[in-house]
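Below: the structure, in structure tokens.
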Amino acid sequence: MTLDDIRIALPLLILAIGALVTLIHGALTKNLLTGTIIAVITAVGAGLWPLQPPPTTLAPSLGLSAGGLSRLFTAYFAAMAAAVLMLSHAYNCRRGISGEEYPATILFTAFGMVALAAATNLLIVFLGLEAMTFGFYILAAIDREHEISNEAGLKYLLMGALSAAFLAFGIALLFSVAGSLGIGEVLERTLGVGAPDPLALAGWGCVLIGIAFKLSLVPAHLWTPDVYEAAPAPVVAFLSGGSKAAAVLLLLLLLPQAGDPAILRMPLFAMALLSMILGNLAALRQNRVRRMLAYSSIAQMGYVVVAFIAHQGHGFQAAAFYAIAYGIMSLAVFGAIGVLERNGCGPTLDEYHGRGFSQPIAAGVLALALFALAGIPPTIGFTGKFLIFAAAIRAGEIALAVIGILTAAVSIYYYLRVVTALYLHRTSDVRKEEINLAETVVLVLSAALIVLLGMFPSHLLDFLQAQFPS
């Protein structure tokens, strides 16, 4: 191992050492605030390091790379972890969630995401993806005082184990055909010129099932509403904005190197179509805000899959942009929901009545983020959807584009139901909003990014265009 290899792996080392220090500190002092601060500093350090690329961008002996896309998503995942930790302390104190395992698990989960971002072979992909998912098993059920949280964690664990089995079996089949775990070699030997090997097709089918679970795509979506409703709000922000971005990144690592794999189009088409339609229709029927957002997330990931199908129309850039955009919107939505819940807001839509007047900061950020999710300009959600549907039209996927636009129009109704509850209904609750500095900083920054990246996306788009030039 050379010095350059160590530099490429340094964000992983920072996160791993930080997680261990957080655990040891918590065991010795039982001071949750200090442990959270250590974890935040660790995440910020891991996120800042990729801003200075190493002399070489490849570490073959480690199965890691430090290319532009890897560094971008490493910084994104680390920033997401830091923001979630800042949102979590007051929320956890209110819910009685204590112990050093929470901030340490956040760092461990970010470690899996960063490993996936830097992966150059399928073994590192699997290890990173499952390290991330294992962390979410713990985080989803960490609110031990509430039975619903334990139940959701168990459901997530059982379905996640099945997903991991499909993914591992698919990678094993691909290895048996390609004789290699390198992503480039596997793609070349299984989806290259000539008729694909049946074992390779079975392998790719299993891998797609595993990725569909991570993205909550139909038909692998059934875990989503329960986990979104039961897990702590900051955890849901991390799950929605982090794990789904990681799954999108995995597709970005695989599909651009696969050329034009027509054989993968049909399953992707079916998952995108069903996710957009069923996700939005199910969200229309929900009166519990978190479940509504869970079903809407299924539809949102359907839009991202449309971008992958339309890769010939610059769909890869659109998918990468929307993965980051959706993460920022999710952080704002569930960060605001966490503050509202800490101030006594319940799970149903009726509980949100008048919160725009009694809790202006959290409600204002929530309203803005919901406008963005609905695709209303000039937000980042509008820009992301425009890029996806423009890519679909350029690639000749007119039917998918039309269905996507129509379902996105339907989603405006249920997103605006929440905004209407916040501002067009009065309530007798006049308590003063309790929000600390860390929560305010995260919410205001996420709201600012929603607007600024919606109005001025050119720098990020130029960077992504350089990563996917064709």
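Ligands are numbered from 1 in the order shown, chains are lettered A, B, ... in the order of the structure tokens, and residues start at 1 in each chain.
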
From a backbone DSSP assignment, name each residue in range 91-288 of chain A labelled alpha helix (DSSP H), as a CSV table (one decimal) with N, CA and C atoms, in the first residue's frame.
```csv
chain,number,residue,atom,x,y,z
A,91,TYR,N,-33.7,16.3,19.4
A,91,TYR,CA,-34.8,15.4,19.1
A,91,TYR,C,-34.6,14.1,19.9
A,92,ASN,N,-33.4,13.6,20.0
A,92,ASN,CA,-33.2,12.4,20.8
A,92,ASN,C,-33.4,12.6,22.3
A,93,CYS,N,-33.0,13.8,22.8
A,93,CYS,CA,-33.2,14.0,24.2
A,93,CYS,C,-34.7,14.1,24.5
A,94,ARG,N,-35.5,14.6,23.6
A,94,ARG,CA,-36.9,14.7,23.8
A,94,ARG,C,-37.5,13.3,23.8
A,95,ARG,N,-37.0,12.4,22.9
A,95,ARG,CA,-37.6,11.1,22.7
A,95,ARG,C,-37.0,10.0,23.7
A,101,GLU,N,-24.1,4.9,20.9
A,101,GLU,CA,-24.2,4.1,19.7
A,101,GLU,C,-24.9,4.9,18.6
A,102,TYR,N,-25.7,5.9,19.0
A,102,TYR,CA,-26.4,6.6,17.9
A,102,TYR,C,-25.5,7.4,17.0
A,103,PRO,N,-24.7,8.4,17.5
A,103,PRO,CA,-23.7,9.1,16.7
A,103,PRO,C,-22.7,8.2,16.0
A,104,ALA,N,-22.3,7.1,16.7
A,104,ALA,CA,-21.3,6.2,16.2
A,104,ALA,C,-21.9,5.4,15.0
A,105,THR,N,-23.2,5.1,15.1
A,105,THR,CA,-23.8,4.3,14.0
A,105,THR,C,-24.0,5.2,12.8
A,106,ILE,N,-24.3,6.5,13.0
A,106,ILE,CA,-24.4,7.5,11.9
A,106,ILE,C,-23.1,7.5,11.1
A,107,LEU,N,-22.0,7.6,11.8
A,107,LEU,CA,-20.7,7.6,11.2
A,107,LEU,C,-20.4,6.3,10.5
A,108,PHE,N,-20.8,5.1,11.1
A,108,PHE,CA,-20.6,3.8,10.5
A,108,PHE,C,-21.4,3.7,9.2
A,109,THR,N,-22.6,4.2,9.2
A,109,THR,CA,-23.5,4.2,8.0
A,109,THR,C,-22.9,5.1,6.9
A,110,ALA,N,-22.4,6.3,7.3
A,110,ALA,CA,-21.7,7.1,6.3
A,110,ALA,C,-20.4,6.4,5.8
A,111,PHE,N,-19.7,5.7,6.6
A,111,PHE,CA,-18.6,4.9,6.1
A,111,PHE,C,-19.0,4.0,5.0
A,112,GLY,N,-20.1,3.3,5.1
A,112,GLY,CA,-20.6,2.4,4.1
A,112,GLY,C,-20.9,3.2,2.8
A,113,MET,N,-21.5,4.3,2.9
A,113,MET,CA,-21.8,5.1,1.8
A,113,MET,C,-20.6,5.6,1.0
A,114,VAL,N,-19.6,6.1,1.8
A,114,VAL,CA,-18.4,6.6,1.2
A,114,VAL,C,-17.6,5.4,0.5
A,115,ALA,N,-17.6,4.2,1.2
A,115,ALA,CA,-16.9,3.1,0.5
A,115,ALA,C,-17.6,2.8,-0.8
A,116,LEU,N,-18.9,2.8,-0.9
A,116,LEU,CA,-19.6,2.6,-2.1
A,116,LEU,C,-19.2,3.6,-3.1
A,117,ALA,N,-19.1,4.9,-2.7
A,117,ALA,CA,-18.8,6.0,-3.6
A,117,ALA,C,-17.4,5.8,-4.3
A,118,ALA,N,-16.5,5.2,-3.6
A,118,ALA,CA,-15.2,5.0,-4.1
A,118,ALA,C,-14.9,3.6,-4.7
A,122,LEU,N,-17.0,-5.1,-7.5
A,122,LEU,CA,-18.3,-5.5,-6.9
A,122,LEU,C,-18.2,-5.9,-5.4
A,123,LEU,N,-17.0,-6.4,-5.0
A,123,LEU,CA,-16.9,-6.8,-3.6
A,123,LEU,C,-17.0,-5.6,-2.7
A,124,ILE,N,-16.3,-4.5,-3.1
A,124,ILE,CA,-16.3,-3.3,-2.3
A,124,ILE,C,-17.7,-2.7,-2.3
A,125,VAL,N,-18.4,-2.8,-3.5
A,125,VAL,CA,-19.8,-2.3,-3.7
A,125,VAL,C,-20.7,-3.0,-2.6
A,126,PHE,N,-20.6,-4.3,-2.6
A,126,PHE,CA,-21.4,-5.1,-1.7
A,126,PHE,C,-21.1,-4.8,-0.2
A,127,LEU,N,-19.8,-4.7,0.1
A,127,LEU,CA,-19.5,-4.4,1.5
A,127,LEU,C,-20.0,-3.0,1.9
A,128,GLY,N,-19.8,-2.0,1.0
A,128,GLY,CA,-20.2,-0.7,1.4
A,128,GLY,C,-21.7,-0.6,1.5
A,129,LEU,N,-22.4,-1.2,0.5
A,129,LEU,CA,-23.9,-1.1,0.5
A,129,LEU,C,-24.4,-1.8,1.8
A,130,GLU,N,-23.9,-2.9,2.2
A,130,GLU,CA,-24.5,-3.7,3.3
A,130,GLU,C,-24.0,-3.0,4.6
A,131,ALA,N,-22.8,-2.4,4.7
A,131,ALA,CA,-22.4,-1.7,5.9
A,131,ALA,C,-23.4,-0.6,6.1
A,132,MET,N,-23.7,0.1,5.1
A,132,MET,CA,-24.7,1.2,5.2
A,132,MET,C,-26.1,0.7,5.6
A,133,THR,N,-26.5,-0.4,5.0
A,133,THR,CA,-27.9,-0.9,5.4
A,133,THR,C,-27.9,-1.4,6.8
A,134,PHE,N,-26.8,-2.1,7.2
A,134,PHE,CA,-26.7,-2.6,8.6
A,134,PHE,C,-26.9,-1.5,9.6
A,135,GLY,N,-26.2,-0.3,9.3
A,135,GLY,CA,-26.4,0.8,10.2
A,135,GLY,C,-27.8,1.3,10.2
A,136,PHE,N,-28.5,1.3,9.1
A,136,PHE,CA,-29.9,1.7,9.1
A,136,PHE,C,-30.8,0.7,9.9
A,137,TYR,N,-30.5,-0.6,9.9
A,137,TYR,CA,-31.2,-1.5,10.7
A,137,TYR,C,-31.2,-1.1,12.1
A,138,ILE,N,-30.1,-0.7,12.6
A,138,ILE,CA,-30.0,-0.2,14.0
A,138,ILE,C,-30.7,1.1,14.2
A,139,LEU,N,-30.5,2.0,13.3
A,139,LEU,CA,-31.0,3.4,13.5
A,139,LEU,C,-32.6,3.4,13.4
A,140,ALA,N,-33.1,2.5,12.5
A,140,ALA,CA,-34.6,2.4,12.4
A,140,ALA,C,-35.3,2.0,13.7
A,147,GLU,N,-43.0,0.7,20.5
A,147,GLU,CA,-43.1,-0.6,19.9
A,147,GLU,C,-43.1,-0.5,18.4
A,148,ILE,N,-43.7,0.6,17.9
A,148,ILE,CA,-43.8,0.7,16.4
A,148,ILE,C,-42.4,0.8,15.8
A,149,SER,N,-41.5,1.4,16.5
A,149,SER,CA,-40.1,1.5,16.0
A,149,SER,C,-39.5,0.2,15.9
A,150,ASN,N,-39.7,-0.6,17.0
A,150,ASN,CA,-39.1,-2.0,17.0
A,150,ASN,C,-39.7,-2.8,15.8
A,151,GLU,N,-41.0,-2.7,15.6
A,151,GLU,CA,-41.6,-3.4,14.6
A,151,GLU,C,-41.1,-3.0,13.2
A,152,ALA,N,-41.0,-1.7,13.0
A,152,ALA,CA,-40.5,-1.2,11.7
A,152,ALA,C,-39.0,-1.7,11.4
A,153,GLY,N,-38.2,-1.7,12.5
A,153,GLY,CA,-36.8,-2.1,12.4
A,153,GLY,C,-36.8,-3.6,12.0
A,154,LEU,N,-37.6,-4.4,12.6
A,154,LEU,CA,-37.6,-5.8,12.3
A,154,LEU,C,-38.1,-6.1,10.8
A,155,LYS,N,-39.1,-5.3,10.4
A,155,LYS,CA,-39.5,-5.5,9.0
A,155,LYS,C,-38.4,-5.1,8.0
A,156,TYR,N,-37.7,-4.0,8.4
A,156,TYR,CA,-36.6,-3.5,7.5
A,156,TYR,C,-35.5,-4.5,7.5
A,157,LEU,N,-35.2,-5.1,8.6
A,157,LEU,CA,-34.1,-6.1,8.7
A,157,LEU,C,-34.5,-7.4,7.9
A,158,LEU,N,-35.7,-7.9,8.0
A,158,LEU,CA,-36.0,-9.1,7.3
A,158,LEU,C,-36.0,-8.8,5.8
A,159,MET,N,-36.6,-7.7,5.3
A,159,MET,CA,-36.6,-7.5,3.9
A,159,MET,C,-35.2,-7.1,3.4
A,160,GLY,N,-34.5,-6.4,4.2
A,160,GLY,CA,-33.1,-6.0,3.9
A,160,GLY,C,-32.2,-7.3,3.7
A,161,ALA,N,-32.4,-8.3,4.6
A,161,ALA,CA,-31.6,-9.5,4.5
A,161,ALA,C,-31.9,-10.2,3.2
A,162,LEU,N,-33.2,-10.2,2.8
A,162,LEU,CA,-33.6,-10.8,1.5
A,162,LEU,C,-32.9,-10.1,0.4
A,163,SER,N,-32.9,-8.8,0.5
A,163,SER,CA,-32.3,-7.9,-0.6
A,163,SER,C,-30.8,-8.2,-0.7
A,164,ALA,N,-30.1,-8.3,0.5
A,164,ALA,CA,-28.7,-8.6,0.5
A,164,ALA,C,-28.4,-10.0,-0.1
A,165,ALA,N,-29.3,-10.9,0.1
A,165,ALA,CA,-29.1,-12.3,-0.4
A,165,ALA,C,-29.2,-12.2,-2.0
A,166,PHE,N,-30.2,-11.5,-2.5
A,166,PHE,CA,-30.3,-11.3,-3.9
A,166,PHE,C,-29.0,-10.7,-4.5
A,167,LEU,N,-28.6,-9.6,-3.8
A,167,LEU,CA,-27.4,-8.9,-4.3
A,167,LEU,C,-26.2,-9.8,-4.3
A,168,ALA,N,-26.0,-10.5,-3.2
A,168,ALA,CA,-24.8,-11.4,-3.1
A,168,ALA,C,-24.8,-12.5,-4.2
A,169,PHE,N,-26.0,-13.1,-4.3
A,169,PHE,CA,-26.1,-14.2,-5.3
A,169,PHE,C,-25.9,-13.6,-6.7
A,170,GLY,N,-26.5,-12.4,-7.0
A,170,GLY,CA,-26.3,-11.9,-8.3
A,170,GLY,C,-24.8,-11.6,-8.6
A,171,ILE,N,-24.1,-11.0,-7.6
A,171,ILE,CA,-22.6,-10.8,-7.8
A,171,ILE,C,-21.9,-12.1,-8.0
A,172,ALA,N,-22.3,-13.1,-7.3
A,172,ALA,CA,-21.6,-14.5,-7.5
A,172,ALA,C,-21.8,-15.0,-8.9
A,173,LEU,N,-23.0,-14.8,-9.4
A,173,LEU,CA,-23.3,-15.3,-10.8
A,173,LEU,C,-22.5,-14.5,-11.8
A,174,LEU,N,-22.4,-13.2,-11.6
A,174,LEU,CA,-21.6,-12.4,-12.5
A,174,LEU,C,-20.2,-12.7,-12.4
A,175,PHE,N,-19.7,-13.0,-11.2
A,175,PHE,CA,-18.3,-13.4,-11.1
A,175,PHE,C,-18.0,-14.8,-11.8
A,176,SER,N,-19.0,-15.7,-11.7
A,176,SER,CA,-18.8,-17.0,-12.4
A,176,SER,C,-18.7,-16.9,-13.9
A,177,VAL,N,-19.4,-15.9,-14.4
A,177,VAL,CA,-19.3,-15.6,-15.9
A,177,VAL,C,-18.1,-14.8,-16.3
A,178,ALA,N,-17.9,-13.7,-15.5
A,178,ALA,CA,-16.8,-12.8,-15.9
A,178,ALA,C,-15.4,-13.2,-15.5
A,183,ILE,N,-15.6,-3.8,-11.9
A,183,ILE,CA,-16.8,-3.4,-12.5
A,183,ILE,C,-16.7,-3.3,-14.0
A,184,GLY,N,-15.6,-2.7,-14.5
A,184,GLY,CA,-15.5,-2.6,-16.0
A,184,GLY,C,-15.4,-4.0,-16.6
A,185,GLU,N,-14.6,-4.9,-16.1
A,185,GLU,CA,-14.5,-6.3,-16.6
A,185,GLU,C,-15.8,-7.0,-16.6
A,186,VAL,N,-16.5,-6.9,-15.5
A,186,VAL,CA,-17.8,-7.6,-15.4
A,186,VAL,C,-18.8,-7.1,-16.5
A,187,LEU,N,-18.9,-5.8,-16.6
A,187,LEU,CA,-19.8,-5.2,-17.6
A,187,LEU,C,-19.4,-5.6,-19.0
A,188,GLU,N,-18.1,-5.6,-19.3
A,188,GLU,CA,-17.6,-5.9,-20.7
A,188,GLU,C,-17.9,-7.4,-21.0
A,189,ARG,N,-17.7,-8.3,-20.0
A,189,ARG,CA,-17.9,-9.7,-20.3
A,189,ARG,C,-19.3,-10.2,-20.2
A,190,THR,N,-20.2,-9.5,-19.6
A,190,THR,CA,-21.5,-10.0,-19.4
A,190,THR,C,-22.6,-9.2,-20.2
A,191,LEU,N,-22.3,-7.9,-20.6
A,191,LEU,CA,-23.2,-7.1,-21.4
A,191,LEU,C,-22.5,-6.6,-22.7
A,198,PRO,N,-26.9,-16.8,-20.1
A,198,PRO,CA,-28.1,-16.8,-19.2
A,198,PRO,C,-27.8,-16.6,-17.7
A,199,LEU,N,-26.6,-17.1,-17.3
A,199,LEU,CA,-26.2,-16.9,-15.9
A,199,LEU,C,-26.0,-15.4,-15.7
A,200,ALA,N,-25.4,-14.7,-16.6
A,200,ALA,CA,-25.2,-13.3,-16.5
A,200,ALA,C,-26.5,-12.5,-16.4
A,201,LEU,N,-27.5,-12.9,-17.2
A,201,LEU,CA,-28.8,-12.3,-17.1
A,201,LEU,C,-29.4,-12.5,-15.7
A,202,ALA,N,-29.3,-13.8,-15.2
A,202,ALA,CA,-29.8,-14.0,-13.9
A,202,ALA,C,-29.1,-13.2,-12.9
A,203,GLY,N,-27.8,-13.1,-13.0
A,203,GLY,CA,-27.0,-12.3,-12.1
A,203,GLY,C,-27.5,-10.8,-12.1
A,204,TRP,N,-27.6,-10.2,-13.3
A,204,TRP,CA,-28.1,-8.8,-13.3
A,204,TRP,C,-29.5,-8.7,-12.8
A,205,GLY,N,-30.3,-9.7,-13.0
A,205,GLY,CA,-31.7,-9.6,-12.5
A,205,GLY,C,-31.6,-9.6,-10.9
A,206,CYS,N,-30.8,-10.4,-10.3
A,206,CYS,CA,-30.7,-10.4,-8.9
A,206,CYS,C,-30.1,-9.1,-8.4
A,207,VAL,N,-29.1,-8.5,-9.1
A,207,VAL,CA,-28.5,-7.2,-8.7
A,207,VAL,C,-29.6,-6.1,-8.7
A,208,LEU,N,-30.4,-6.1,-9.8
A,208,LEU,CA,-31.4,-5.1,-9.9
A,208,LEU,C,-32.5,-5.2,-8.8
A,209,ILE,N,-32.8,-6.4,-8.4
A,209,ILE,CA,-33.7,-6.6,-7.3
A,209,ILE,C,-33.2,-6.0,-6.0
A,210,GLY,N,-31.9,-6.2,-5.8
A,210,GLY,CA,-31.2,-5.7,-4.6
A,210,GLY,C,-31.2,-4.2,-4.6
A,211,ILE,N,-30.9,-3.6,-5.8
A,211,ILE,CA,-30.9,-2.1,-5.9
A,211,ILE,C,-32.3,-1.6,-5.8
A,212,ALA,N,-33.3,-2.3,-6.3
A,212,ALA,CA,-34.7,-1.8,-6.2
A,212,ALA,C,-35.2,-1.7,-4.8
A,213,PHE,N,-34.7,-2.6,-3.9
A,213,PHE,CA,-35.0,-2.5,-2.5
A,213,PHE,C,-34.4,-1.2,-1.9
A,214,LYS,N,-33.2,-0.9,-2.2
A,214,LYS,CA,-32.5,0.3,-1.7
A,214,LYS,C,-33.3,1.5,-2.1
A,215,LEU,N,-33.8,1.5,-3.4
A,215,LEU,CA,-34.4,2.7,-3.9
A,215,LEU,C,-35.9,2.7,-3.6
A,224,THR,N,-41.1,0.6,3.1
A,224,THR,CA,-40.9,2.1,3.1
A,224,THR,C,-41.9,2.8,4.1
A,225,PRO,N,-43.2,2.6,3.9
A,225,PRO,CA,-44.1,3.4,4.8
A,225,PRO,C,-43.9,3.1,6.3
A,226,ASP,N,-43.7,1.9,6.6
A,226,ASP,CA,-43.5,1.6,8.1
A,226,ASP,C,-42.3,2.2,8.6
A,227,VAL,N,-41.2,2.1,7.9
A,227,VAL,CA,-39.9,2.6,8.4
A,227,VAL,C,-40.0,4.2,8.5
A,228,TYR,N,-40.5,4.8,7.4
A,228,TYR,CA,-40.6,6.3,7.4
A,228,TYR,C,-41.5,6.8,8.6
A,229,GLU,N,-42.5,6.0,9.0
A,229,GLU,CA,-43.4,6.5,10.0
A,229,GLU,C,-42.8,6.2,11.4
A,230,ALA,N,-42.1,5.2,11.6
A,230,ALA,CA,-41.7,4.8,12.9
A,230,ALA,C,-40.3,5.2,13.3
A,233,ALA,N,-37.2,11.1,13.1
A,233,ALA,CA,-37.2,11.9,11.9
A,233,ALA,C,-35.8,12.2,11.3
A,234,PRO,N,-34.8,12.5,12.1
A,234,PRO,CA,-33.4,12.7,11.5
A,234,PRO,C,-32.9,11.4,10.8
A,235,VAL,N,-33.3,10.2,11.4
A,235,VAL,CA,-32.8,9.0,10.7
A,235,VAL,C,-33.5,8.9,9.4
A,236,VAL,N,-34.8,9.2,9.3
A,236,VAL,CA,-35.5,9.1,8.0
A,236,VAL,C,-34.9,10.1,7.0
A,237,ALA,N,-34.5,11.3,7.5
A,237,ALA,CA,-33.8,12.2,6.6
A,237,ALA,C,-32.5,11.6,6.0
A,238,PHE,N,-31.8,10.9,6.9
A,238,PHE,CA,-30.5,10.2,6.4
A,238,PHE,C,-30.9,9.0,5.5
A,244,LYS,N,-30.7,6.4,-0.5
A,244,LYS,CA,-31.2,6.4,-1.9
A,244,LYS,C,-30.2,7.0,-2.9
A,245,ALA,N,-29.5,8.0,-2.4
A,245,ALA,CA,-28.4,8.6,-3.2
A,245,ALA,C,-27.3,7.6,-3.4
A,246,ALA,N,-27.1,6.7,-2.4
A,246,ALA,CA,-26.0,5.7,-2.6
A,246,ALA,C,-26.5,4.7,-3.6
A,247,ALA,N,-27.8,4.3,-3.6
A,247,ALA,CA,-28.2,3.3,-4.6
A,247,ALA,C,-28.2,4.0,-6.0
A,248,VAL,N,-28.6,5.2,-6.1
A,248,VAL,CA,-28.5,5.9,-7.4
A,248,VAL,C,-27.0,5.9,-7.9
A,249,LEU,N,-26.1,6.2,-7.0
A,249,LEU,CA,-24.7,6.2,-7.3
A,249,LEU,C,-24.2,4.9,-7.8
A,250,LEU,N,-24.7,3.8,-7.2
A,250,LEU,CA,-24.4,2.5,-7.7
A,250,LEU,C,-24.8,2.3,-9.1
A,251,LEU,N,-26.0,2.7,-9.5
A,251,LEU,CA,-26.4,2.6,-10.9
A,251,LEU,C,-25.5,3.5,-11.8
A,252,LEU,N,-25.1,4.6,-11.2
A,252,LEU,CA,-24.2,5.5,-12.0
A,252,LEU,C,-22.8,4.9,-12.2
A,253,LEU,N,-22.4,4.0,-11.2
A,253,LEU,CA,-21.1,3.3,-11.4
A,253,LEU,C,-21.2,2.2,-12.4
A,254,LEU,N,-22.4,1.6,-12.6
A,254,LEU,CA,-22.6,0.5,-13.4
A,254,LEU,C,-23.0,0.8,-14.8
A,265,ARG,N,-33.4,-2.5,-20.2
A,265,ARG,CA,-34.4,-1.4,-20.4
A,265,ARG,C,-35.8,-1.9,-19.9
A,266,MET,N,-36.2,-3.1,-20.2
A,266,MET,CA,-37.5,-3.5,-19.8
A,266,MET,C,-37.8,-3.5,-18.3
A,267,PRO,N,-36.9,-4.2,-17.5
A,267,PRO,CA,-37.2,-4.1,-16.1
A,267,PRO,C,-37.1,-2.7,-15.5
A,268,LEU,N,-36.2,-1.9,-16.0
A,268,LEU,CA,-36.1,-0.5,-15.5
A,268,LEU,C,-37.4,0.3,-15.9
A,269,PHE,N,-37.9,0.0,-17.1
A,269,PHE,CA,-39.1,0.7,-17.6
A,269,PHE,C,-40.3,0.3,-16.7
A,270,ALA,N,-40.4,-1.0,-16.4
A,270,ALA,CA,-41.5,-1.4,-15.6
A,270,ALA,C,-41.4,-0.9,-14.2
A,271,MET,N,-40.2,-0.9,-13.6
A,271,MET,CA,-40.1,-0.3,-12.2
A,271,MET,C,-40.4,1.2,-12.2
A,272,ALA,N,-39.9,1.9,-13.2
A,272,ALA,CA,-40.1,3.3,-13.2
A,272,ALA,C,-41.6,3.6,-13.4
A,273,LEU,N,-42.3,3.0,-14.3
A,273,LEU,CA,-43.7,3.2,-14.5
A,273,LEU,C,-44.6,2.9,-13.3
A,274,LEU,N,-44.4,1.7,-12.7
A,274,LEU,CA,-45.2,1.3,-11.6
A,274,LEU,C,-44.9,2.2,-10.3
A,275,SER,N,-43.6,2.6,-10.2
A,275,SER,CA,-43.3,3.4,-9.0
A,275,SER,C,-43.9,4.8,-9.1
A,276,MET,N,-43.9,5.4,-10.3
A,276,MET,CA,-44.5,6.7,-10.5
A,276,MET,C,-46.0,6.7,-10.2
A,277,ILE,N,-46.6,5.7,-10.8
A,277,ILE,CA,-48.1,5.6,-10.7
A,277,ILE,C,-48.5,5.2,-9.3
A,278,LEU,N,-48.0,4.0,-8.8
A,278,LEU,CA,-48.5,3.5,-7.5
A,278,LEU,C,-48.1,4.4,-6.4
A,279,GLY,N,-46.8,5.0,-6.4
A,279,GLY,CA,-46.4,5.8,-5.4
A,279,GLY,C,-47.3,7.1,-5.2
A,280,ASN,N,-47.6,7.7,-6.3
A,280,ASN,CA,-48.4,8.9,-6.2
A,280,ASN,C,-49.8,8.6,-5.9
A,281,LEU,N,-50.4,7.5,-6.4
A,281,LEU,CA,-51.8,7.2,-6.1
A,281,LEU,C,-51.9,6.8,-4.6
A,282,ALA,N,-51.0,6.1,-4.1
A,282,ALA,CA,-51.0,5.7,-2.7
A,282,ALA,C,-50.8,6.9,-1.8
A,283,ALA,N,-50.0,7.8,-2.2
A,283,ALA,CA,-49.8,9.0,-1.4
A,283,ALA,C,-51.0,9.9,-1.3
A,284,LEU,N,-51.9,9.9,-2.3
A,284,LEU,CA,-53.1,10.7,-2.3
A,284,LEU,C,-54.0,10.2,-1.2
```

Contact residues around Ala392 in chain A with only C-alpha atoms at 12 Å, ignoring same-chain residues under 2 positions, as a ChimeraX atom specification: /A:269,303-316,318-319,385-390,394-405

Spatial neighbours of range 18-24 of chain A, 6 Å, only C-alpha atoms, chain gap at least 2 places, as a VMD selection string: chain A and resid 14 to 16 26 to 27 35 42 100 104 107

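Between Ser458 in chain A and the candidates A:Ile380, A:Ala294, A:Ala78, A:Leu239, the tightest atom-to-atom separation, counting only C-alpha atoms, involves A:Ile380.
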
Atomic distance CA of Ala43 in chain A - CA of Ala81 in chain A, expressed in Å with one decimal: 6.3 Å

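Near Leu424 in chain A, within 12 Å and counting only C-alpha atoms, sit Asp350, Tyr352, His353, Gly354, Arg355, Gly356, Phe357, Leu416, Arg417, Val418 and Val419 of chain A, not including residues fewer than 5 positions from it in the same chain.
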
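One distance worth recording is that between CA of Ser296 in chain A and CA of Ala372 in chain A, which is 12.6 Å.
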
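For the atom pair formed by CA of Leu69 in chain A and CA of Ala466 in chain A, the distance is 9.6 Å, given to one decimal.
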
Surrounding residues of Arg71 in chain A excluding itself and chain neighbours under 5 positions, 10 Å, only C-alpha atoms, as a list in words: Ile8, Pro11, Gly47, Leu48, Trp49, Pro50, Leu51, Gln52, Pro53, Thr57, Ser65, Ala66, Tyr76, Phe77, Val114, Ala117 and Ala118 of chain A
